[in-house]
Amino acid sequence: MNSKRQNFFNDVYEVVRQVPFGRVTSYGAIAAFLGTKGSARMVGYAMNASHAAVNVPAHRVVNRNGILTGKNHFEDPTEMQRLLESEGVLVRDDRVVDFERLFWDPEKNLMT
DNA sequence: CGACTGACGGGGT
DNA sequence: GACCCCGCCAGTC
């Protein structure tokens, strides 16, 4: 049952795990990479369940504007920003500074 | 079963 | 550029 969904969730985690230290990506980029471009929301939904998975740096996934939209889903709203800044990613006003420069596109860097 | 809700994004106004 | 609407689809009520 729901094997596709399970695969999708797993694929999302796998991609997120490939995001390099100090870099960030977006929900839409991951969705596009997995071939479900229109379902960026599902990526976020998958992240919501990522608490079960290990080694999934959910804090490196932001929305297309580089905004930390998921920060409220961490134990503390400040956790996401704190984790990012701990790896050199500056956050200003809930947004990744120099987002376009730090953006890591799975389609360009992870061709599997 | 229908309506609502999102860690989203693109397109139109 | 702010704002609104629609598609996406799993989960909840």
# chains A, B, ... in the order shown; residues from 1 in each chain; ligands from 1
>>> select_by_dssp(residues="segment 3-108 of chain A", states="alpha helix (DSSP H)", output="JSON, numbers by chain")
{"A": [3, 4, 5, 6, 7, 8, 9, 10, 11, 12, 13, 14, 15, 16, 17, 18, 27, 28, 29, 30, 31, 32, 33, 40, 41, 42, 43, 44, 45, 46, 47, 48, 79, 80, 81, 82, 83, 84, 85, 86, 99, 100, 101, 102, 106, 107, 108]}
>>> interface_residues(of="chain A", to="chain C", cutoff="8 Å", atoms="only C-alpha atoms (C1' of nucleotides)", output="list in words")
Gly38, Ser39, Ala40, Arg41 and Met42 of chain A
>>> atom_distance(atom1="atom CA of Asp76 of chain A", atom2="atom CA of His59 of chain A")
12.1 Å
>>> residues_around(residues="segment 77-92 of chain A", least_positions_apart="4", cutoff="12 Å", atoms="only C-alpha atoms (C1' of nucleotides)", output="ChimeraX atom specification")
/A:20-24,57-62,66-73,96-99,101-103 /B:7
>>> interface_residues(of="chain B", to="chain A", cutoff="10 Å", atoms="only C-alpha atoms (C1' of nucleotides)", output="count of residues only")
5
>>> select_by_dssp(residues="segment 25-79 of chain A", states="strand (DSSP E or B)", output="PyMOL selection string")
chain A and resi 25-26+61-62+67
>>> write_last_selection(atoms="N, CA, C and O atoms", output="PDB file, in the first residue's frame")
ATOM      1  N   THR A  25      18.475  24.662  -0.398  1.00  0.00           N
ATOM      2  CA  THR A  25      17.704  24.396  -1.610  1.00  0.00           C
ATOM      3  C   THR A  25      16.248  24.717  -1.308  1.00  0.00           C
ATOM      4  O   THR A  25      15.905  25.135  -0.211  1.00  0.00           O
ATOM      5  N   SER A  26      15.394  24.505  -2.296  1.00  0.00           N
ATOM      6  CA  SER A  26      13.989  24.856  -2.085  1.00  0.00           C
ATOM      7  C   SER A  26      13.071  23.659  -2.286  1.00  0.00           C
ATOM      8  O   SER A  26      13.455  22.661  -2.894  1.00  0.00           O
ATOM      9  N   VAL A  61      16.323  23.429   3.808  1.00  0.00           N
ATOM     10  CA  VAL A  61      15.274  23.545   2.793  1.00  0.00           C
ATOM     11  C   VAL A  61      14.375  24.736   3.110  1.00  0.00           C
ATOM     12  O   VAL A  61      13.730  24.794   4.145  1.00  0.00           O
ATOM     13  N   VAL A  62      14.365  25.676   2.191  1.00  0.00           N
ATOM     14  CA  VAL A  62      13.543  26.872   2.371  1.00  0.00           C
ATOM     15  C   VAL A  62      12.644  27.036   1.144  1.00  0.00           C
ATOM     16  O   VAL A  62      12.730  26.244   0.213  1.00  0.00           O
ATOM     17  N   ILE A  67      13.018  32.066   2.160  1.00  0.00           N
ATOM     18  CA  ILE A  67      12.432  32.342   3.472  1.00  0.00           C
ATOM     19  C   ILE A  67      12.276  31.054   4.269  1.00  0.00           C
ATOM     20  O   ILE A  67      11.898  30.011   3.734  1.00  0.00           O
TER      21      ILE A  67
END
